[in-house]
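Pasting my_file-v7.txt here (compact mmCIF, C-alpha atoms):
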```
# COMPACT_ATOMS: atom_id res chain seq x y z
CA MET A 1 0.00 0.00 0.00
CA PRO A 2 1.24 3.56 -0.65
CA THR A 3 2.45 5.58 2.30
CA GLU A 4 0.51 8.68 3.35
CA ALA A 5 3.00 10.90 1.52
CA GLU A 6 2.61 8.78 -1.62
CA ARG A 7 -1.18 8.97 -1.37
CA VAL A 8 -1.05 12.75 -1.13
CA ALA A 9 1.21 12.87 -4.19
CA ILE A 10 -1.18 10.58 -6.11
CA ARG A 11 -4.15 12.79 -5.20
CA GLU A 12 -2.32 15.84 -6.53
CA GLU A 13 -1.33 13.95 -9.68
CA ASN A 14 -4.91 12.81 -10.27
CA ARG A 15 -6.24 16.36 -9.99
CA LYS A 16 -3.55 17.49 -12.44
CA ARG A 17 -4.50 14.71 -14.88
CA LEU A 18 -8.18 15.62 -14.78
CA ILE A 19 -7.39 19.24 -15.58
CA GLN A 20 -5.07 18.16 -18.39
CA TYR A 21 -7.82 15.93 -19.78
CA PHE A 22 -10.14 18.92 -20.12
CA GLU A 23 -7.30 21.00 -21.59
CA SER A 24 -6.77 18.32 -24.23
CA GLY A 25 -10.29 19.02 -25.51
CA ILE A 26 -9.37 22.57 -26.57
CA THR A 27 -9.66 22.86 -30.36
CA ASP A 28 -8.12 25.41 -32.70
CA ASN A 29 -10.29 28.48 -33.11
CA ASP A 30 -9.98 28.34 -36.89
CA GLY A 31 -13.66 28.48 -37.76
CA THR A 32 -14.06 24.69 -37.81
CA THR A 33 -17.00 23.56 -35.70
CA THR A 34 -18.48 20.14 -35.10
CA LEU A 35 -21.60 18.68 -33.55
CA GLY A 36 -21.87 15.27 -31.92
CA MET A 37 -25.40 13.88 -31.52
CA GLU A 38 -26.72 11.12 -29.27
CA VAL A 39 -30.31 9.91 -29.55
CA GLU A 40 -31.81 7.34 -27.17
CA HIS A 41 -34.79 5.35 -28.46
CA PHE A 42 -37.35 2.98 -27.01
CA ILE A 43 -37.99 -0.14 -29.07
CA VAL A 44 -41.61 -1.16 -28.61
CA GLN A 45 -44.11 -3.59 -30.06
CA ASP A 46 -46.73 -2.42 -32.53
CA ASP A 47 -49.26 -3.91 -30.12
CA GLY A 48 -49.88 -1.10 -27.62
CA ASN A 49 -46.28 0.14 -27.49
CA LYS A 50 -45.40 -2.74 -25.18
CA PRO A 51 -41.69 -2.78 -24.30
CA VAL A 52 -39.10 -4.89 -26.10
CA HIS A 53 -36.52 -6.24 -23.63
CA TYR A 54 -32.92 -7.26 -24.12
CA HIS A 55 -33.73 -10.97 -24.38
CA ALA A 56 -36.48 -12.29 -26.64
CA HIS A 57 -39.64 -13.20 -24.75
CA ASP A 58 -43.14 -14.52 -25.51
CA GLY A 59 -42.40 -14.73 -29.21
CA VAL A 60 -41.13 -11.13 -29.39
CA ILE A 61 -37.60 -10.34 -30.56
CA GLY A 62 -35.10 -8.94 -28.09
CA VAL A 63 -32.80 -5.97 -28.44
CA GLU A 64 -29.90 -8.43 -28.62
CA ASP A 65 -31.49 -9.75 -31.82
CA ILE A 66 -31.69 -6.20 -33.15
CA LEU A 67 -27.99 -5.69 -32.43
CA GLU A 68 -27.17 -8.94 -34.23
CA HIS A 69 -29.03 -7.61 -37.26
CA LEU A 70 -27.29 -4.22 -37.12
CA LYS A 71 -23.85 -5.89 -37.13
CA THR A 72 -23.99 -5.97 -40.91
CA ALA A 73 -23.66 -2.17 -40.96
CA TYR A 74 -21.87 -1.63 -37.63
CA PRO A 75 -19.28 -4.43 -37.45
CA GLU A 76 -17.22 -3.36 -34.43
CA GLU A 77 -18.61 -5.27 -31.43
CA THR A 78 -18.63 -4.64 -27.68
CA LEU A 79 -19.30 -7.71 -25.51
CA ASN A 80 -19.59 -8.19 -21.78
CA SER A 81 -17.55 -10.82 -19.93
CA HIS A 82 -20.20 -13.45 -20.67
CA GLY A 83 -20.24 -12.75 -24.39
CA ASP A 84 -23.50 -10.77 -24.49
CA LEU A 85 -23.54 -8.22 -27.32
CA LEU A 86 -23.91 -4.72 -25.86
CA GLY A 87 -22.62 -2.33 -28.53
CA LEU A 88 -21.60 -1.81 -32.13
CA ALA A 89 -19.77 0.83 -34.14
CA ASN A 90 -18.61 1.93 -37.55
CA GLU A 91 -16.90 5.04 -38.87
CA THR A 92 -20.11 7.14 -38.64
CA GLY A 93 -20.91 6.41 -35.02
CA SER A 94 -21.60 3.85 -32.32
CA ILE A 95 -24.65 2.01 -31.05
CA THR A 96 -24.94 1.33 -27.33
CA LEU A 97 -27.63 0.32 -24.86
CA GLU A 98 -28.92 2.32 -21.94
CA PRO A 99 -29.83 0.43 -18.76
CA ALA A 100 -33.24 -0.97 -19.80
CA SER A 101 -32.44 -1.61 -23.47
CA GLN A 102 -32.93 1.93 -24.77
CA LEU A 103 -31.10 1.85 -28.11
CA GLU A 104 -28.73 4.79 -28.47
CA ILE A 105 -27.00 6.00 -31.61
CA SER A 106 -23.98 8.24 -31.01
CA ILE A 107 -23.17 10.02 -34.25
CA ALA A 108 -19.57 10.98 -34.96
CA PRO A 109 -18.86 14.73 -34.88
CA TYR A 110 -19.75 16.50 -38.13
CA SER A 111 -19.60 20.12 -39.20
CA ARG A 112 -22.77 20.11 -41.32
CA VAL A 113 -26.23 19.16 -40.15
CA LYS A 114 -26.79 17.32 -43.43
CA ASP A 115 -24.00 14.92 -42.44
CA VAL A 116 -25.65 14.32 -39.06
CA GLU A 117 -28.86 13.64 -40.96
CA ALA A 118 -27.15 11.22 -43.36
CA ALA A 119 -25.60 9.22 -40.51
CA TYR A 120 -28.89 9.01 -38.62
CA GLU A 121 -30.91 8.14 -41.73
CA ALA A 122 -28.47 5.32 -42.53
CA PHE A 123 -28.97 3.95 -39.02
CA ARG A 124 -32.73 4.06 -39.33
CA ALA A 125 -32.66 2.57 -42.82
CA CYS A 126 -30.92 -0.47 -41.36
CA LEU A 127 -33.05 -0.61 -38.21
CA ASP A 128 -36.64 0.15 -39.23
CA PRO A 129 -37.31 -2.56 -41.84
CA TYR A 130 -36.10 -5.24 -39.43
CA LEU A 131 -38.37 -3.90 -36.69
CA HIS A 132 -41.33 -3.74 -39.07
CA GLU A 133 -40.73 -7.34 -40.07
CA HIS A 134 -41.04 -8.35 -36.43
CA GLY A 135 -44.00 -6.22 -35.40
CA CYS A 136 -42.00 -3.54 -33.63
CA HIS A 137 -41.03 0.11 -34.11
CA VAL A 138 -39.02 2.98 -32.68
CA ALA A 139 -40.78 5.18 -30.12
CA SER A 140 -39.13 8.60 -29.93
CA PHE A 141 -40.20 10.03 -26.58
CA GLY A 142 -38.54 11.38 -23.48
CA TYR A 143 -40.15 8.69 -21.32
CA HIS A 144 -41.36 5.19 -22.05
CA PRO A 145 -44.74 5.46 -23.78
CA SER A 146 -46.43 2.54 -22.01
CA ALA A 147 -44.42 0.90 -19.23
CA LYS A 148 -43.65 1.73 -15.64
CA ALA A 149 -39.94 1.93 -14.94
CA LEU A 150 -39.68 -0.95 -12.49
CA ASP A 151 -41.36 -3.28 -14.98
CA LEU A 152 -38.39 -2.82 -17.34
CA PRO A 153 -35.51 -5.26 -16.68
CA LEU A 154 -31.89 -4.16 -16.81
CA ILE A 155 -29.56 -5.37 -19.52
CA PRO A 156 -26.70 -7.74 -18.54
CA LYS A 157 -24.15 -5.04 -17.74
CA GLU A 158 -22.55 -5.04 -14.31
CA ARG A 159 -22.18 -1.26 -14.30
CA TYR A 160 -25.94 -0.89 -14.15
CA ASN A 161 -26.27 -3.27 -11.23
CA PHE A 162 -23.97 -1.01 -9.20
CA MET A 163 -25.94 2.06 -10.23
CA ASN A 164 -29.28 0.41 -9.50
CA ALA A 165 -28.17 -0.60 -6.01
CA HIS A 166 -26.86 2.92 -5.36
CA PHE A 167 -30.13 4.59 -6.32
CA ALA A 168 -32.18 2.07 -4.33
CA ARG A 169 -30.01 2.76 -1.28
CA ILE A 170 -30.42 6.55 -1.43
CA GLY A 171 -34.15 6.23 -2.15
CA THR A 172 -34.58 8.42 -5.21
CA HIS A 173 -36.10 8.11 -8.67
CA GLY A 174 -32.84 6.92 -10.15
CA GLU A 175 -34.51 3.73 -11.30
CA ARG A 176 -36.88 5.79 -13.44
CA MET A 177 -34.02 7.74 -14.95
CA MET A 178 -32.14 4.54 -15.76
CA ARG A 179 -34.97 2.45 -17.11
CA ALA A 180 -37.57 4.73 -18.63
CA SER A 181 -36.02 8.01 -19.81
CA GLY A 182 -34.72 8.88 -23.26
CA SER A 183 -32.88 11.99 -24.42
CA THR A 184 -31.34 13.80 -27.37
CA GLN A 185 -27.89 15.07 -26.49
CA VAL A 186 -25.65 17.36 -28.48
CA SER A 187 -21.94 17.98 -27.95
CA ILE A 188 -20.08 21.11 -29.01
CA ASP A 189 -16.42 22.12 -29.24
CA TYR A 190 -14.61 24.62 -27.06
CA HIS A 191 -11.59 26.69 -28.07
CA SER A 192 -10.24 27.62 -24.64
CA GLU A 193 -11.00 27.15 -20.96
CA ALA A 194 -12.89 30.45 -20.97
CA ASP A 195 -14.90 29.36 -24.00
CA ALA A 196 -15.78 26.05 -22.31
CA VAL A 197 -16.97 27.83 -19.17
CA ARG A 198 -18.96 30.35 -21.20
CA LYS A 199 -20.76 27.58 -23.09
CA LEU A 200 -21.33 25.56 -19.91
CA ARG A 201 -22.97 28.58 -18.29
CA ILE A 202 -25.14 29.55 -21.24
CA ALA A 203 -26.27 25.97 -21.87
CA THR A 204 -27.10 25.54 -18.18
CA ALA A 205 -28.96 28.86 -17.97
CA ILE A 206 -31.17 28.30 -21.02
CA GLY A 207 -31.68 24.63 -20.17
CA PRO A 208 -35.30 25.04 -18.98
CA ILE A 209 -36.07 26.91 -22.23
CA ILE A 210 -34.44 24.22 -24.37
CA GLY A 211 -36.24 21.60 -22.30
CA PHE A 212 -39.54 23.34 -23.07
CA ILE A 213 -38.77 23.61 -26.80
CA CYS A 214 -37.84 19.90 -26.90
CA ASP A 215 -40.48 18.67 -24.44
CA ASN A 216 -41.75 15.30 -25.67
CA ILE A 217 -43.31 13.29 -22.83
CA PRO A 218 -47.06 12.68 -23.27
CA VAL A 219 -47.03 9.63 -20.95
CA PHE A 220 -45.21 9.22 -17.63
CA GLU A 221 -45.32 5.95 -15.69
CA GLY A 222 -48.19 4.74 -17.87
CA LYS A 223 -50.40 7.82 -17.39
CA ARG A 224 -51.07 10.80 -19.64
CA ILE A 225 -49.51 14.03 -18.39
CA ASP A 226 -49.71 17.66 -19.45
CA VAL A 227 -47.07 19.19 -17.15
CA PRO A 228 -43.87 20.10 -19.05
CA LEU A 229 -40.27 19.26 -18.22
CA ALA A 230 -41.07 15.85 -16.70
CA ARG A 231 -37.63 14.44 -17.47
CA LEU A 232 -35.70 17.52 -16.29
CA ASN A 233 -37.79 17.49 -13.13
CA LEU A 234 -37.08 13.78 -12.66
CA TRP A 235 -33.34 14.51 -12.70
CA ARG A 236 -33.90 16.73 -9.64
CA ASP A 237 -34.53 13.56 -7.62
CA VAL A 238 -31.87 11.18 -8.91
CA ASP A 239 -28.69 12.08 -7.01
CA ASN A 240 -28.16 15.67 -5.94
CA ALA A 241 -24.43 15.11 -5.45
CA ARG A 242 -23.87 14.54 -9.18
CA CYS A 243 -26.92 15.86 -11.08
CA GLY A 244 -28.64 19.16 -11.83
CA THR A 245 -26.51 22.31 -11.91
CA ILE A 246 -22.74 21.97 -11.67
CA PRO A 247 -21.82 23.43 -8.24
CA GLY A 248 -20.41 26.94 -8.59
CA VAL A 249 -20.62 27.04 -12.38
CA PHE A 250 -21.86 30.65 -12.28
CA ASP A 251 -19.25 31.76 -9.73
CA GLU A 252 -16.40 34.03 -10.70
CA GLY A 253 -13.26 32.00 -11.27
CA PHE A 254 -15.01 28.74 -12.14
CA GLY A 255 -12.95 26.62 -14.53
CA PHE A 256 -11.43 23.22 -15.22
CA ALA A 257 -9.92 22.98 -11.74
CA ALA A 258 -13.26 23.61 -10.02
CA TYR A 259 -14.94 20.97 -12.18
CA ALA A 260 -12.14 18.50 -11.37
CA ASP A 261 -12.50 19.24 -7.65
CA TRP A 262 -16.24 18.49 -7.84
CA LEU A 263 -15.53 15.10 -9.41
CA LEU A 264 -12.85 14.23 -6.89
CA ARG A 265 -14.77 15.16 -3.75
CA THR A 266 -17.81 13.07 -4.76
CA PRO A 267 -18.02 9.27 -4.40
CA PRO A 268 -17.65 7.51 -7.77
CA ILE A 269 -20.32 4.85 -6.91
CA PHE A 270 -17.89 2.24 -8.25
CA ILE A 271 -14.55 2.14 -10.03
CA THR A 272 -13.39 -0.07 -12.89
CA ARG A 273 -9.87 -1.14 -11.98
CA ARG A 274 -8.31 -3.63 -9.61
CA ALA A 275 -6.75 -2.45 -6.36
CA ALA A 276 -3.01 -1.81 -6.71
CA ASP A 277 -2.27 -4.33 -3.94
CA ASP A 278 -4.68 -6.99 -5.30
CA PRO A 279 -3.86 -7.66 -8.95
CA ASP A 280 -6.13 -10.71 -9.03
CA GLY A 281 -9.06 -8.98 -7.35
CA PRO A 282 -12.31 -7.76 -8.92
CA THR A 283 -12.16 -5.15 -11.69
CA LEU A 284 -15.38 -3.42 -10.61
CA ARG A 285 -15.40 -2.31 -7.00
CA GLY A 286 -18.06 -0.34 -5.17
CA PHE A 287 -17.28 3.05 -3.58
CA PRO A 288 -20.72 4.49 -2.74
CA ASP A 289 -19.53 6.64 0.17
CA THR A 290 -15.81 7.22 -0.42
CA PRO A 291 -14.77 10.43 -2.23
CA ALA A 292 -13.11 9.79 -5.57
CA TYR A 293 -9.84 11.35 -4.45
CA LYS A 294 -9.57 8.55 -1.86
CA ALA A 295 -10.97 5.80 -4.07
CA TYR A 296 -8.21 6.47 -6.62
CA GLU A 297 -5.36 7.21 -4.23
CA ASP A 298 -3.71 3.80 -4.61
CA ALA A 299 -2.39 4.58 -8.12
CA PRO A 300 -2.53 7.47 -10.61
CA MET A 301 -5.65 7.62 -12.76
CA GLU A 302 -5.38 6.50 -16.36
CA LYS A 303 -7.52 7.83 -19.20
CA ARG A 304 -10.12 5.09 -18.77
CA ASP A 305 -10.39 5.90 -15.03
CA ILE A 306 -10.99 9.58 -15.81
CA GLU A 307 -13.63 8.79 -18.40
CA HIS A 308 -15.38 6.35 -16.09
CA LEU A 309 -15.44 8.88 -13.27
CA MET A 310 -16.93 11.55 -15.53
CA SER A 311 -19.57 9.07 -16.72
CA MET A 312 -20.82 8.78 -13.13
CA PHE A 313 -21.92 12.44 -13.13
CA TRP A 314 -25.07 13.61 -14.91
CA PRO A 315 -25.47 17.38 -14.66
CA ASP A 316 -27.77 19.15 -17.12
CA VAL A 317 -24.64 20.11 -19.05
CA ARG A 318 -21.54 17.95 -18.77
CA LEU A 319 -17.89 18.77 -19.41
CA LYS A 320 -15.73 16.21 -21.20
CA LYS A 321 -13.40 16.98 -24.10
CA PHE A 322 -16.43 18.88 -25.31
CA VAL A 323 -19.51 20.47 -23.77
CA GLU A 324 -22.35 17.96 -23.68
CA ILE A 325 -25.83 19.51 -23.54
CA ARG A 326 -28.36 17.11 -22.05
CA GLN A 327 -31.74 18.81 -21.49
CA ALA A 328 -33.66 17.74 -24.63
CA ASP A 329 -36.02 14.78 -24.67
CA CYS A 330 -35.73 12.12 -27.35
CA LEU A 331 -37.23 13.62 -30.50
CA PRO A 332 -38.47 12.48 -33.92
CA ALA A 333 -35.82 12.53 -36.62
CA GLN A 334 -36.67 15.85 -38.28
CA GLU A 335 -36.67 17.58 -34.90
CA VAL A 336 -33.32 16.01 -34.01
CA TYR A 337 -31.87 17.77 -37.06
CA GLY A 338 -33.63 20.97 -36.03
CA TYR A 339 -32.11 20.75 -32.57
CA ALA A 340 -28.66 20.22 -34.12
CA ALA A 341 -29.15 23.32 -36.28
CA LEU A 342 -30.44 25.38 -33.33
CA THR A 343 -27.43 24.40 -31.23
CA LYS A 344 -24.96 25.12 -34.02
CA GLY A 345 -26.52 28.49 -34.75
CA LEU A 346 -26.42 29.56 -31.10
CA TYR A 347 -23.07 28.29 -29.85
CA TYR A 348 -20.88 28.83 -32.87
CA SER A 349 -21.70 32.50 -33.21
CA GLU A 350 -20.10 35.23 -31.13
CA LYS A 351 -23.08 37.42 -31.90
CA GLY A 352 -25.48 34.72 -30.75
CA LEU A 353 -23.60 33.96 -27.53
CA THR A 354 -23.38 37.64 -26.66
CA ALA A 355 -27.08 38.19 -27.38
CA VAL A 356 -28.10 35.27 -25.16
CA GLU A 357 -25.88 36.49 -22.33
CA LYS A 358 -27.42 39.96 -22.59
CA ALA A 359 -30.94 38.50 -22.52
CA LEU A 360 -30.00 36.51 -19.40
CA GLY A 361 -28.85 39.67 -17.63
CA VAL A 362 -25.11 39.03 -17.74
CA GLU A 363 -23.15 42.26 -17.35
CA ASN A 364 -19.38 42.61 -17.50
CA GLY A 365 -19.02 38.85 -17.15
CA GLN A 366 -21.05 38.74 -13.94
CA TRP A 367 -23.88 36.20 -13.89
CA PRO A 368 -27.04 36.95 -11.88
CA PHE A 369 -27.44 33.19 -11.21
CA ASP A 370 -26.59 30.81 -8.40
CA ASP A 371 -26.80 27.06 -7.87
CA ASN A 372 -30.57 27.25 -7.23
CA SER A 373 -31.52 29.38 -10.24
CA ILE A 374 -32.16 26.52 -12.67
CA ASP A 375 -34.26 24.51 -10.22
CA ASN A 376 -36.38 27.62 -9.61
CA ALA A 377 -36.79 28.16 -13.35
CA ILE A 378 -37.85 24.54 -13.91
CA ALA A 379 -40.42 24.87 -11.13
CA ALA A 380 -41.80 28.04 -12.76
CA VAL A 381 -42.11 26.35 -16.16
CA ARG A 382 -43.88 23.37 -14.65
CA LYS A 383 -46.30 25.65 -12.83
CA HIS A 384 -47.03 28.21 -15.56
CA GLY A 385 -46.18 26.39 -18.80
CA ALA A 386 -45.70 28.55 -21.87
CA GLN A 387 -46.65 31.66 -19.89
CA ALA A 388 -43.80 31.24 -17.43
CA ARG A 389 -41.56 34.31 -17.41
CA LEU A 390 -37.82 33.72 -17.19
CA HIS A 391 -35.50 36.71 -17.07
CA GLY A 392 -38.17 39.09 -18.35
CA ARG A 393 -39.48 36.97 -21.24
CA THR A 394 -42.14 34.32 -21.63
CA LEU A 395 -41.03 30.93 -22.88
CA LEU A 396 -42.57 31.63 -26.28
CA GLU A 397 -40.66 34.90 -26.50
CA TRP A 398 -37.49 33.07 -25.55
CA ALA A 399 -38.10 30.45 -28.21
CA ASP A 400 -38.59 33.15 -30.84
CA LEU A 401 -35.36 34.84 -29.79
CA LEU A 402 -33.29 31.64 -29.87
CA PHE A 403 -34.59 30.53 -33.25
CA GLU A 404 -34.03 34.00 -34.70
CA LEU A 405 -30.46 34.15 -33.38
CA ALA A 406 -29.72 30.72 -34.83
CA ALA A 407 -31.24 31.57 -38.21
CA ASP A 408 -29.15 34.74 -38.32
CA THR A 409 -25.99 32.60 -38.15
CA LEU A 410 -26.90 29.60 -40.32
CA ASP A 411 -26.97 29.52 -44.11
CA ASP A 412 -30.26 28.89 -45.94
CA GLU A 413 -29.76 25.13 -46.11
CA GLU A 414 -29.25 24.75 -42.38
CA THR A 415 -31.87 27.34 -41.43
CA ALA A 416 -34.47 25.13 -43.11
CA TYR A 417 -33.73 22.41 -40.54
CA LEU A 418 -35.09 24.65 -37.78
CA GLU A 419 -38.70 24.59 -38.98
CA PRO A 420 -39.89 21.19 -37.67
CA LEU A 421 -38.58 21.95 -34.19
CA ARG A 422 -40.04 25.45 -34.27
CA ALA A 423 -43.37 23.90 -35.24
CA ARG A 424 -43.26 21.81 -32.05
CA VAL A 425 -43.17 25.03 -30.02
CA GLY A 426 -46.15 26.31 -32.01
CA ARG A 427 -48.12 23.21 -31.10
```
Go through the file and emit its structure as structure tokens.
Amino acid sequence: MPTEAERVAIREENRKRLIQYFESGITDNDGTTTLGMEVEHFIVQDDGNKPVHYHAHDGVIGVEDILEHLKTAYPEETLNSHGDLLGLANETGSITLEPASQLEISIAPYSRVKDVEAAYEAFRACLDPYLHEHGCHVASFGYHPSAKALDLPLIPKERYNFMNAHFARIGTHGERMMRASGSTQVSIDYHSEADAVRKLRIATAIGPIIGFICDNIPVFEGKRIDVPLARLNLWRDVDNARCGTIPGVFDEGFGFAAYADWLLRTPPIFITRRAADDPDGPTLRGFPDTPAYKAYEDAPMEKRDIEHLMSMFWPDVRLKKFVEIRQADCLPAQEVYGYAALTKGLYYSEKGLTAVEKALGVENGQWPFDDNSIDNAIAAVRKHGAQARLHGRTLLEWADLLFELAADTLDDEETAYLEPLRARVGR
């Protein structure tokens, strides 16, 4: 075992490595911009939107059968230790499974929305005919359209057993997040630490507005609902230590070091490496109550340790080697492209970023927000709906502003992608 002095040195090294990891995400500010898209889908039966599980059952195909079919187009396989197929990939993106068999496509970063569209359409062209042949289809919603969360079994992935036990122990709605939620996530580049922080703040601040624009949950736990932001609200009762608003993100001086400190002072739930003094011991080890800086103090963190640790945090906006924006529900295809265009138009325009900051009341770099501001905004939207006023504007006025700012940046081809998503707001 390391001595106390060695452990202190390892802690300092791990903090340094986390900061360096974020620094390695800085891209050249040469006008090149990319978007990464992730879309989580529910696979359901044509008969009443009943769920399709990982394993085939009662004459219904399983998601493992779907993955076997998709191998023809996505030949790179990911298996668990028992040989179960859990993921696929090709040069355009990767296919993975969320805890209760939600099928996720992660599209490789592209500069043009039409390339995002092409990659997603190719995925669906391979997927949809097979589903149709077997009496199933894709359900693009932010929450399962028919099932209650606890009726959805977990896939055979040990990671999710650790997470499930953690959420059961702390008594939250983590099981609903894991099993029954679906999102559309978009990732954007940053060109400096200051640029990353700026985008983190803006994306966090307008999150309730984006959540309203992309709200797509007509059914929650098997019952019709008409209250917006059900999924964002659900995240408020998953794990307050690692969800919601990044602590201190609006504070002066926030940066890569502060984000690293948040990760290190929070328990990692479990880690994915053997103990340094037990080379034959288990790879996955639970740490539900031990801060990460202590859980990893036996040896310096490697890249896979850093990426695992970050994956155990689910704020509304997440920092990796990019800024990952997570507030949108799973959307139909044309609205996915609209969301990509909206994001590109807002975040890759100095004029757009400045206009949004001004509308939010930012003056001289000072943000009139704190760690409770977003929760208060979500509560206002859920209470007042489209008439909720945030920072002096109604949600509909905010939507108009954001779409107009995006359209002002995009060319005609990409502006056209905005219309289906804008129509959702109109409905």
Query raised in the report: If you measure from atom CA of His384 of chain A to atom CA of His144 of chain A, what distance in Å do you get, rounded to one decimal?
Result: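 Atom CA of His144 of chain A lies at a distance of 24.6 Å from atom CA of His384 of chain A.
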**Report entry** Length of the atom CA of His191 of chain A to atom CA of Leu346 of chain A vector [Å]
**Finding:**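 Calculated distance between atom CA of His191 of chain A and atom CA of Leu346 of chain A is 15.4 Å.
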Counting all atoms listed in the file, give me one row per residue of segment 264-350 of chain A with an atom at most 6 Å from an atom of segment 126-140 of chain A, showing the shortest contact pair and its distance in Å to one decimal, sorted by chain then residue number, as JSON lines.
```
{"residue": "A:Cys330", "atom": "CA", "partner": "A:Ser140", "partner_atom": "CA", "distance": 5.5}
{"residue": "A:Leu331", "atom": "CA", "partner": "A:Ser140", "partner_atom": "CA", "distance": 5.4}
{"residue": "A:Pro332", "atom": "CA", "partner": "A:Ser140", "partner_atom": "CA", "distance": 5.6}
```
Report task. Rank A:Asp329, A:Asp289, A:Glu6, A:Asp115 by their smallest atom-to-atom distance to Gly142 of chain A, using all atoms listed in the file, and report the top residue only. Result ->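 So, comparing all the options, the nearest one is A:Asp329.
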Requested in this report: Measuring atom to atom with all atoms listed in the file, identify which of A:Val219, A:Ala260, A:Ala407, A:Ala379 is nearest to Gly352 of chain A.
Outcome: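 Of A:Val219, A:Ala260, A:Ala407, A:Ala379, the one nearest Gly352 of chain A is A:Ala407, counting all atoms listed in the file.
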Query - Of the listed residues A:Glu324, A:Met178, A:Thr245, A:Ile107, that which approaches Asn376 of chain A most closely, counting all atoms listed in the file - result: A:Thr245
Report task. Just give me the gap between atom CA of Gly361 of chain A and atom CA of Val425 of chain A in Å, one decimal is fine. Result ->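 So the two atoms, atom CA of Gly361 of chain A and atom CA of Val425 of chain A, lie 23.9 Å apart.
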Requested in this report: Just the residues within 12 Å of Ala388 of chain A, please, counting only C-alpha atoms, with nothing from its chain fewer than 2 positions along; format it as a PyMOL selection string.
Outcome: chain A and resi 208-209+212+228+376-386+390-398
With a cut-off of 12 Å, could you pull out the residues of segment 226-275 of chain A touching segment 150-163 of chain A and give me the nearest pair of atoms for each, distance in Å to one decimal, using only C-alpha atoms, ordered by chain and ascending number, as JSON lines?
```
{"residue": "A:Val238", "atom": "CA", "partner": "A:Met163", "partner_atom": "CA", "distance": 11.0}
{"residue": "A:Asp239", "atom": "CA", "partner": "A:Met163", "partner_atom": "CA", "distance": 10.9}
{"residue": "A:Pro268", "atom": "CA", "partner": "A:Met163", "partner_atom": "CA", "distance": 10.2}
{"residue": "A:Ile269", "atom": "CA", "partner": "A:Met163", "partner_atom": "CA", "distance": 7.1}
{"residue": "A:Phe270", "atom": "CA", "partner": "A:Phe162", "partner_atom": "CA", "distance": 7.0}
{"residue": "A:Ile271", "atom": "CA", "partner": "A:Arg159", "partner_atom": "CA", "distance": 9.4}
{"residue": "A:Thr272", "atom": "CA", "partner": "A:Arg159", "partner_atom": "CA", "distance": 9.0}
```
Fill-in result for segment 377-385 of chain A, N, CA, C and O atoms as a PDB file, in the coordinates of the input:
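Done, and the output landed in part.pdb:
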```
ATOM      1  N   ALA A 377     -36.237  27.946 -12.014  1.00  0.00           N
ATOM      2  CA  ALA A 377     -36.790  28.160 -13.350  1.00  0.00           C
ATOM      3  C   ALA A 377     -37.603  26.952 -13.803  1.00  0.00           C
ATOM      4  O   ALA A 377     -38.685  27.094 -14.390  1.00  0.00           O
ATOM      5  N   ILE A 378     -37.112  25.759 -13.543  1.00  0.00           N
ATOM      6  CA  ILE A 378     -37.850  24.540 -13.910  1.00  0.00           C
ATOM      7  C   ILE A 378     -39.188  24.505 -13.172  1.00  0.00           C
ATOM      8  O   ILE A 378     -40.230  24.178 -13.761  1.00  0.00           O
ATOM      9  N   ALA A 379     -39.173  24.853 -11.899  1.00  0.00           N
ATOM     10  CA  ALA A 379     -40.420  24.870 -11.130  1.00  0.00           C
ATOM     11  C   ALA A 379     -41.407  25.876 -11.716  1.00  0.00           C
ATOM     12  O   ALA A 379     -42.615  25.606 -11.796  1.00  0.00           O
ATOM     13  N   ALA A 380     -40.917  27.032 -12.165  1.00  0.00           N
ATOM     14  CA  ALA A 380     -41.800  28.040 -12.760  1.00  0.00           C
ATOM     15  C   ALA A 380     -42.402  27.550 -14.071  1.00  0.00           C
ATOM     16  O   ALA A 380     -43.587  27.756 -14.348  1.00  0.00           O
ATOM     17  N   VAL A 381     -41.595  26.879 -14.892  1.00  0.00           N
ATOM     18  CA  VAL A 381     -42.110  26.350 -16.160  1.00  0.00           C
ATOM     19  C   VAL A 381     -43.149  25.276 -15.905  1.00  0.00           C
ATOM     20  O   VAL A 381     -44.189  25.226 -16.582  1.00  0.00           O
ATOM     21  N   ARG A 382     -42.907  24.435 -14.947  1.00  0.00           N
ATOM     22  CA  ARG A 382     -43.880  23.370 -14.650  1.00  0.00           C
ATOM     23  C   ARG A 382     -45.182  23.933 -14.092  1.00  0.00           C
ATOM     24  O   ARG A 382     -46.259  23.382 -14.316  1.00  0.00           O
ATOM     25  N   LYS A 383     -45.095  25.049 -13.403  1.00  0.00           N
ATOM     26  CA  LYS A 383     -46.300  25.650 -12.830  1.00  0.00           C
ATOM     27  C   LYS A 383     -47.071  26.472 -13.855  1.00  0.00           C
ATOM     28  O   LYS A 383     -48.308  26.398 -13.933  1.00  0.00           O
ATOM     29  N   HIS A 384     -46.362  27.247 -14.686  1.00  0.00           N
ATOM     30  CA  HIS A 384     -47.030  28.210 -15.560  1.00  0.00           C
ATOM     31  C   HIS A 384     -46.988  27.841 -17.042  1.00  0.00           C
ATOM     32  O   HIS A 384     -47.626  28.526 -17.859  1.00  0.00           O
ATOM     33  N   GLY A 385     -46.235  26.792 -17.404  1.00  0.00           N
ATOM     34  CA  GLY A 385     -46.180  26.390 -18.800  1.00  0.00           C
ATOM     35  C   GLY A 385     -45.621  27.468 -19.688  1.00  0.00           C
ATOM     36  O   GLY A 385     -44.687  28.189 -19.327  1.00  0.00           O
TER      37      GLY A 385
END
```
